[in-house]
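Next comes final_19.pdb, a file with PDB, C-alpha atoms.
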```
ATOM      1  CA  MET H   1     -19.563 -30.784 -27.086
ATOM      2  CA  HIS H   2     -17.498 -30.983 -30.275
ATOM      3  CA  HIS H   3     -15.070 -33.908 -30.318
ATOM      4  CA  GLN H   4     -11.582 -32.759 -31.274
ATOM      5  CA  THR H   5      -9.768 -34.939 -33.764
ATOM      6  CA  LEU H   6      -6.020 -35.354 -33.861
ATOM      7  CA  ASP H   7      -5.866 -33.026 -36.860
ATOM      8  CA  ASP H   8      -7.863 -30.414 -34.922
ATOM      9  CA  LEU H   9      -5.397 -30.545 -32.062
ATOM     10  CA  LEU H  10      -2.347 -30.378 -34.307
ATOM     11  CA  HIS H  11      -3.756 -27.319 -36.085
ATOM     12  CA  GLN H  12      -4.468 -25.688 -32.724
ATOM     13  CA  LEU H  13      -0.751 -25.715 -31.918
ATOM     14  CA  ASP H  14      -0.507 -22.741 -34.297
ATOM     15  CA  HIS H  15      -3.604 -20.954 -32.954
ATOM     16  CA  ALA H  16      -3.309 -17.251 -32.093
ATOM     17  CA  ASP H  17      -4.842 -17.808 -28.641
ATOM     18  CA  LEU H  18      -2.277 -19.078 -26.107
ATOM     19  CA  SER H  19      -4.934 -20.862 -24.043
ATOM     20  CA  VAL H  20      -6.019 -22.842 -27.119
ATOM     21  CA  ARG H  21      -2.433 -23.853 -27.819
ATOM     22  CA  MET H  22      -1.858 -24.821 -24.176
ATOM     23  CA  ASN H  23      -4.991 -26.958 -24.153
ATOM     24  CA  ALA H  24      -3.931 -28.666 -27.381
ATOM     25  CA  VAL H  25      -0.494 -29.488 -25.931
ATOM     26  CA  PHE H  26      -2.037 -30.900 -22.765
ATOM     27  CA  THR H  27      -4.585 -32.997 -24.667
ATOM     28  CA  LEU H  28      -1.988 -34.364 -27.085
ATOM     29  CA  GLY H  29       0.110 -35.439 -24.116
ATOM     30  CA  GLU H  30      -2.852 -37.106 -22.430
ATOM     31  CA  GLN H  31      -3.653 -38.947 -25.671
ATOM     32  CA  ARG H  32      -0.005 -40.071 -26.045
ATOM     33  CA  ALA H  33      -0.152 -38.771 -29.616
ATOM     34  CA  GLN H  34       3.043 -39.881 -31.359
ATOM     35  CA  GLU H  35       2.073 -37.813 -34.393
ATOM     36  CA  ALA H  36       2.486 -34.645 -32.325
ATOM     37  CA  VAL H  37       6.075 -35.344 -31.260
ATOM     38  CA  PRO H  38       7.876 -33.332 -34.005
ATOM     39  CA  MET H  39       5.695 -30.270 -33.391
ATOM     40  CA  LEU H  40       6.078 -30.503 -29.613
ATOM     41  CA  ILE H  41       9.844 -30.836 -29.981
ATOM     42  CA  ALA H  42       9.776 -27.723 -32.183
ATOM     43  CA  LEU H  43       7.994 -25.817 -29.387
ATOM     44  CA  LEU H  44      10.682 -26.905 -26.958
ATOM     45  CA  ASP H  45      13.539 -26.041 -29.301
ATOM     46  CA  ASN H  46      11.997 -22.634 -29.976
ATOM     47  CA  ALA H  47      12.091 -21.849 -26.270
ATOM     48  CA  ASN H  48      15.717 -22.950 -26.056
ATOM     49  CA  THR H  49      16.664 -19.984 -28.273
ATOM     50  CA  ILE H  50      15.374 -17.482 -25.670
ATOM     51  CA  LYS H  51      18.283 -16.657 -23.379
ATOM     52  CA  SER H  52      16.905 -13.594 -21.557
ATOM     53  CA  PRO H  53      13.109 -13.296 -21.819
ATOM     54  CA  MET H  54      11.946  -9.686 -21.890
ATOM     55  CA  TYR H  55       8.633  -9.540 -23.732
ATOM     56  CA  VAL H  56       5.206 -11.063 -23.170
ATOM     57  CA  GLU H  57       5.689 -13.200 -26.270
ATOM     58  CA  ASP H  58       8.895 -14.631 -24.812
ATOM     59  CA  PHE H  59       7.126 -15.751 -21.657
ATOM     60  CA  GLN H  60       4.299 -17.231 -23.707
ATOM     61  CA  VAL H  61       6.804 -19.282 -25.691
ATOM     62  CA  LEU H  62       8.442 -20.492 -22.477
ATOM     63  CA  SER H  63       5.090 -21.366 -20.903
ATOM     64  CA  LEU H  64       4.048 -23.338 -23.969
ATOM     65  CA  ALA H  65       7.408 -25.115 -24.072
ATOM     66  CA  SER H  66       7.106 -26.046 -20.405
ATOM     67  CA  SER H  67       3.770 -27.729 -21.136
ATOM     68  CA  ALA H  68       5.287 -29.394 -24.200
ATOM     69  CA  ALA H  69       8.057 -30.883 -22.035
ATOM     70  CA  ILE H  70       5.479 -32.541 -19.786
ATOM     71  CA  ALA H  71       3.485 -33.760 -22.796
ATOM     72  CA  LEU H  72       6.593 -35.241 -24.422
ATOM     73  CA  GLY H  73       7.332 -37.124 -21.217
ATOM     74  CA  LYS H  74       3.846 -38.610 -21.236
ATOM     75  CA  ILE H  75       4.157 -39.625 -24.883
ATOM     76  CA  GLY H  76       7.540 -41.224 -24.206
ATOM     77  CA  ASP H  77       9.098 -40.947 -27.654
ATOM     78  CA  PRO H  78      12.914 -41.042 -27.276
ATOM     79  CA  ARG H  79      13.294 -38.514 -30.102
ATOM     80  CA  ALA H  80      12.419 -35.890 -27.495
ATOM     81  CA  ILE H  81      15.280 -36.651 -25.100
ATOM     82  CA  PRO H  82      17.986 -34.396 -26.644
ATOM     83  CA  SER H  83      15.633 -31.402 -26.698
ATOM     84  CA  LEU H  84      14.494 -32.087 -23.135
ATOM     85  CA  VAL H  85      18.115 -32.246 -21.985
ATOM     86  CA  ALA H  86      18.862 -28.973 -23.777
ATOM     87  CA  ALA H  87      15.802 -27.340 -22.206
ATOM     88  CA  TYR H  88      16.879 -28.420 -18.733
ATOM     89  CA  GLU H  89      20.365 -27.044 -19.349
ATOM     90  CA  GLN H  90      18.686 -23.731 -20.196
ATOM     91  CA  GLY H  91      16.992 -23.807 -16.793
ATOM     92  CA  MET H  92      13.576 -25.320 -17.565
ATOM     93  CA  PHE H  93      12.644 -27.435 -14.542
ATOM     94  CA  SER H  94       9.634 -29.012 -16.265
ATOM     95  CA  ALA H  95      12.068 -30.631 -18.707
ATOM     96  CA  LEU H  96      13.271 -32.776 -15.791
ATOM     97  CA  LYS H  97       9.705 -33.895 -15.174
ATOM     98  CA  GLY H  98       9.464 -34.895 -18.811
ATOM     99  CA  LEU H  99      12.782 -36.735 -18.696
ATOM    100  CA  ALA H 100      11.731 -38.599 -15.560
ATOM    101  CA  CYS H 101       9.157 -40.482 -17.627
ATOM    102  CA  PHE H 102      11.822 -42.077 -19.833
ATOM    103  CA  PRO H 103      13.527 -45.344 -18.853
ATOM    104  CA  ASP H 104      16.619 -44.378 -20.865
ATOM    105  CA  ASP H 105      19.927 -44.250 -18.996
ATOM    106  CA  MET H 106      20.705 -40.808 -20.403
ATOM    107  CA  ALA H 107      17.519 -39.408 -18.854
ATOM    108  CA  PHE H 108      18.369 -40.952 -15.483
ATOM    109  CA  MET H 109      21.884 -39.520 -15.499
ATOM    110  CA  VAL H 110      20.558 -36.012 -16.200
ATOM    111  CA  LEU H 111      18.167 -36.340 -13.253
ATOM    112  CA  LEU H 112      20.914 -37.661 -11.000
ATOM    113  CA  ARG H 113      23.330 -34.895 -11.994
ATOM    114  CA  ALA H 114      20.625 -32.286 -11.391
ATOM    115  CA  PHE H 115      20.047 -33.629  -7.896
ATOM    116  CA  GLU H 116      23.750 -33.824  -7.082
ATOM    117  CA  GLN H 117      24.170 -30.194  -8.112
ATOM    118  CA  ALA H 118      21.188 -28.639  -6.352
ATOM    119  CA  GLN H 119      19.504 -31.296  -4.131
ATOM    120  CA  HIS H 120      16.071 -30.041  -5.166
ATOM    121  CA  PRO H 121      13.325 -31.806  -3.164
ATOM    122  CA  HIS H 122      11.129 -32.485  -6.170
ATOM    123  CA  VAL H 123      14.039 -34.063  -8.047
ATOM    124  CA  ALA H 124      14.445 -36.403  -5.083
ATOM    125  CA  THR H 125      10.823 -37.404  -5.622
ATOM    126  CA  LEU H 126      11.442 -38.005  -9.339
ATOM    127  CA  LEU H 127      14.436 -40.223  -8.525
ATOM    128  CA  GLY H 128      12.382 -42.181  -6.031
ATOM    129  CA  ARG H 129       9.645 -42.774  -8.579
ATOM    130  CA  ARG H 130      12.124 -44.077 -11.161
ATOM    131  CA  GLY H 131      13.171 -46.899  -8.853
ATOM    132  CA  ASP H 132      16.832 -46.850  -9.944
ATOM    133  CA  ARG H 133      18.979 -47.591  -6.903
ATOM    134  CA  ARG H 134      22.006 -45.890  -8.426
ATOM    135  CA  ALA H 135      20.465 -42.726  -6.953
ATOM    136  CA  VAL H 136      20.857 -43.985  -3.381
ATOM    137  CA  PRO H 137      24.388 -42.620  -2.644
ATOM    138  CA  ALA H 138      23.418 -39.103  -3.762
ATOM    139  CA  LEU H 139      20.232 -39.282  -1.713
ATOM    140  CA  ILE H 140      22.169 -40.407   1.362
ATOM    141  CA  VAL H 141      24.456 -37.383   0.976
ATOM    142  CA  ALA H 142      21.369 -35.143   0.858
ATOM    143  CA  MET H 143      20.322 -36.432   4.284
ATOM    144  CA  ASP H 144      22.779 -33.850   5.669
ATOM    145  CA  ASN H 145      21.093 -30.976   3.827
ATOM    146  CA  PRO H 146      20.042 -28.323   6.383
ATOM    147  CA  THR H 147      16.761 -27.677   4.569
ATOM    148  CA  ILE H 148      13.941 -29.687   6.154
ATOM    149  CA  LEU H 149      11.989 -29.936   2.890
ATOM    150  CA  VAL H 150      14.975 -31.483   1.082
ATOM    151  CA  ARG H 151      15.489 -34.004   3.857
ATOM    152  CA  PHE H 152      11.806 -34.911   3.966
ATOM    153  CA  TYR H 153      11.538 -35.700   0.251
ATOM    154  CA  THR H 154      14.924 -37.426   0.303
ATOM    155  CA  VAL H 155      13.736 -39.716   3.113
ATOM    156  CA  ARG H 156      10.596 -40.556   1.153
ATOM    157  CA  ALA H 157      12.643 -41.305  -1.974
ATOM    158  CA  LEU H 158      14.967 -43.609  -0.036
ATOM    159  CA  GLY H 159      11.995 -45.471   1.383
ATOM    160  CA  ARG H 160      10.536 -45.899  -2.061
ATOM    161  CA  LEU H 161      13.831 -47.243  -3.453
ATOM    162  CA  GLY H 162      14.053 -49.777  -0.638
ATOM    163  CA  ASP H 163      17.839 -50.058  -0.597
ATOM    164  CA  PRO H 164      19.358 -51.253   2.729
ATOM    165  CA  ARG H 165      22.401 -49.013   2.169
ATOM    166  CA  ALA H 166      20.209 -46.156   3.405
ATOM    167  CA  ILE H 167      19.394 -47.748   6.764
ATOM    168  CA  ALA H 168      22.389 -46.345   8.670
ATOM    169  CA  ALA H 169      21.723 -42.769   7.496
ATOM    170  CA  LEU H 170      18.040 -43.064   8.356
ATOM    171  CA  GLU H 171      18.689 -44.570  11.771
ATOM    172  CA  ALA H 172      21.087 -41.697  12.514
ATOM    173  CA  VAL H 173      18.102 -39.374  12.162
ATOM    174  CA  THR H 174      16.086 -41.374  14.668
ATOM    175  CA  ASP H 175      19.016 -41.076  17.103
ATOM    176  CA  ASP H 176      19.001 -37.268  16.794
ATOM    177  CA  GLN H 177      16.686 -36.212  19.604
ATOM    178  CA  ARG H 178      16.424 -32.652  18.265
ATOM    179  CA  ILE H 179      14.782 -33.986  15.108
ATOM    180  CA  VAL H 180      12.613 -36.486  16.943
ATOM    181  CA  LYS H 181      11.380 -33.765  19.298
ATOM    182  CA  HIS H 182      11.006 -30.791  16.951
ATOM    183  CA  ASN H 183      10.436 -32.290  13.496
ATOM    184  CA  LYS H 184       7.890 -35.012  13.996
ATOM    185  CA  THR H 185       7.020 -35.078  10.287
ATOM    186  CA  ILE H 186      10.605 -36.000   9.403
ATOM    187  CA  ALA H 187      10.776 -38.519  12.224
ATOM    188  CA  GLN H 188       7.593 -40.211  11.036
ATOM    189  CA  ALA H 189       8.818 -40.223   7.424
ATOM    190  CA  VAL H 190      12.029 -41.906   8.560
ATOM    191  CA  GLN H 191      10.122 -44.626  10.411
ATOM    192  CA  THR H 192       8.001 -45.237   7.312
ATOM    193  CA  ALA H 193      11.076 -45.351   5.068
ATOM    194  CA  LEU H 194      12.846 -47.823   7.353
ATOM    195  CA  ALA H 195       9.784 -50.071   7.339
ATOM    196  CA  GLN H 196       9.628 -49.901   3.533
ATOM    197  CA  ILE H 197      13.317 -50.756   3.184
ATOM    198  CA  LYS H 198      13.155 -53.662   5.604
ATOM    199  CA  ALA H 199      10.042 -55.014   3.886
ATOM    200  CA  GLN H 200      11.717 -54.764   0.484
ATOM    201  CA  HIS H 201      14.887 -56.388   1.824
ATOM    202  CA  SER H 202      12.821 -59.329   3.069
ATOM    203  CA  LEU H 203      11.347 -59.735  -0.411
ATOM    204  CA  ASP H 204      14.781 -59.533  -2.045
ATOM    205  CA  SER H 205      16.307 -62.120   0.314
TER     206      SER H 205
END
```
What's the structure tokens form of this structure?
Amino acid sequence: MHHQTLDDLLHQLDHADLSVRMNAVFTLGEQRAQEAVPMLIALLDNANTIKSPMYVEDFQVLSLASSAAIALGKIGDPRAIPSLVAAYEQGMFSALKGLACFPDDMAFMVLLRAFEQAQHPHVATLLGRRGDRRAVPALIVAMDNPTILVRFYTVRALGRLGDPRAIAALEAVTDDQRIVKHNKTIAQAVQTALAQIKAQHSLDS
């Protein structure tokens, strides 16, 4: 099998075949190729100009940009942050996944604001993975979300963050017999989260 050099991959970003371009973006992200950052940012910025996609080419551009957002997150070059923020503001969810890879405060605040606005379950997961306990108050609020999926991923995120401020909200779930009886998955997740928090609190003490 032919080994693709960095130059090969960079040239493939302009290939006529979408699948070749998508593969190049993925591989450049996996290789953490800093040299690809300007071209990947250009793919993202190009998609940000499409307000109402109508044609096949528009959707191809958006698909490629979505992959570029993930690749830029893996590479971790802060030059990508403004374009990732702009892409998220245009409605590209994968831009949040890219931003979640950055330790920068700006990236965290975008994630937190996104969760506060929509309480998306996968954003709860991203906040949990970051380990920044400033997300805890917003996650506690989401414990009252009527959607089971949101509550489940919120519980898991709180357990991962290990902040004792979440204990009261989690214990309130265990006191709700309707949840204990009818939503055993949530009940088990709460027990796991409480154990994680108490274990982390013991380490912090």
Worksheet item: Where does the PyMOL selection byres ((chain H and resi 159-164) around 6) land in this file, that is, which residues does it pick, as a PyMOL selection string?
Response: chain H and resi 128+131+156-158+165-167+193+196-197+200
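Selection result for the displayed file, with the PyMOL selection byres ((chain H and resi 148) around 12) as criterion, is Gln119, His120, Pro121, Ala142, Met143, Asp144, Asn145, Pro146, Thr147, Leu149, Val150, Arg151, Phe152, Tyr153, Thr154, Val155, Ile179, His182, Asn183, Lys184, Thr185, Ile186, Ala187 and Ala189 of chain H.
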Worksheet item: Which polymer residues have any atom within 7 Å of an atom of stretch 81-96 of chain H, counting all atoms listed in the file, with same-chain residues fewer than 3 positions away left out, as a list in words?
Response: Ile41, Leu44, Asp45, Asn48, Ser66, Ala69, Ile70, Pro78, Leu99, Ala100 and Leu111 of chain H
Worksheet entry | d(atom CA of H:Asp104, atom CA of H:Leu203) in Å | 26.1 Å
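Of note, atom CA of H:Arg130 and atom CA of H:Gly98 are spaced 12.2 Å apart.
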Response to the item:
Min atom-atom distance to H:Thr27 from the set H:Asp8, H:Asp175, H:Asp14, H:Asp58, counting all atoms listed in the file, belongs to H:Asp8
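Going from atom CA of H:Thr49 over to atom CA of H:Leu64, you cover 13.7 Å.
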Residue by residue, what does the PyMOL selection byres ((chain H and resi 30-34) around 9) grab here? Present the result as a PDB file with C-alpha atoms, in the coordinates of the input.
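Once written, selection15.pdb looks like this:
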```
ATOM      1  CA  LEU H   6      -6.020 -35.354 -33.861  1.00  0.00           C
ATOM      2  CA  VAL H  25      -0.494 -29.488 -25.931  1.00  0.00           C
ATOM      3  CA  PHE H  26      -2.037 -30.900 -22.765  1.00  0.00           C
ATOM      4  CA  THR H  27      -4.585 -32.997 -24.667  1.00  0.00           C
ATOM      5  CA  LEU H  28      -1.988 -34.364 -27.085  1.00  0.00           C
ATOM      6  CA  GLY H  29       0.110 -35.439 -24.116  1.00  0.00           C
ATOM      7  CA  GLU H  35       2.073 -37.813 -34.393  1.00  0.00           C
ATOM      8  CA  ALA H  36       2.486 -34.645 -32.325  1.00  0.00           C
ATOM      9  CA  VAL H  37       6.075 -35.344 -31.260  1.00  0.00           C
ATOM     10  CA  PRO H  38       7.876 -33.332 -34.005  1.00  0.00           C
ATOM     11  CA  ALA H  71       3.485 -33.760 -22.796  1.00  0.00           C
ATOM     12  CA  LEU H  72       6.593 -35.241 -24.422  1.00  0.00           C
ATOM     13  CA  LYS H  74       3.846 -38.610 -21.236  1.00  0.00           C
ATOM     14  CA  ILE H  75       4.157 -39.625 -24.883  1.00  0.00           C
ATOM     15  CA  GLY H  76       7.540 -41.224 -24.206  1.00  0.00           C
ATOM     16  CA  ASP H  77       9.098 -40.947 -27.654  1.00  0.00           C
TER      17      ASP H  77
END
```
Practice prompt. Scan for residues within 12 Å of the point (-2.7, -23.5, -26.9) in the coordinates of the file, using all atoms listed in the file, and reply as a PyMOL selection string.
Written response: chain H and resi 8-28+40+43+60-61+63-65+67-68
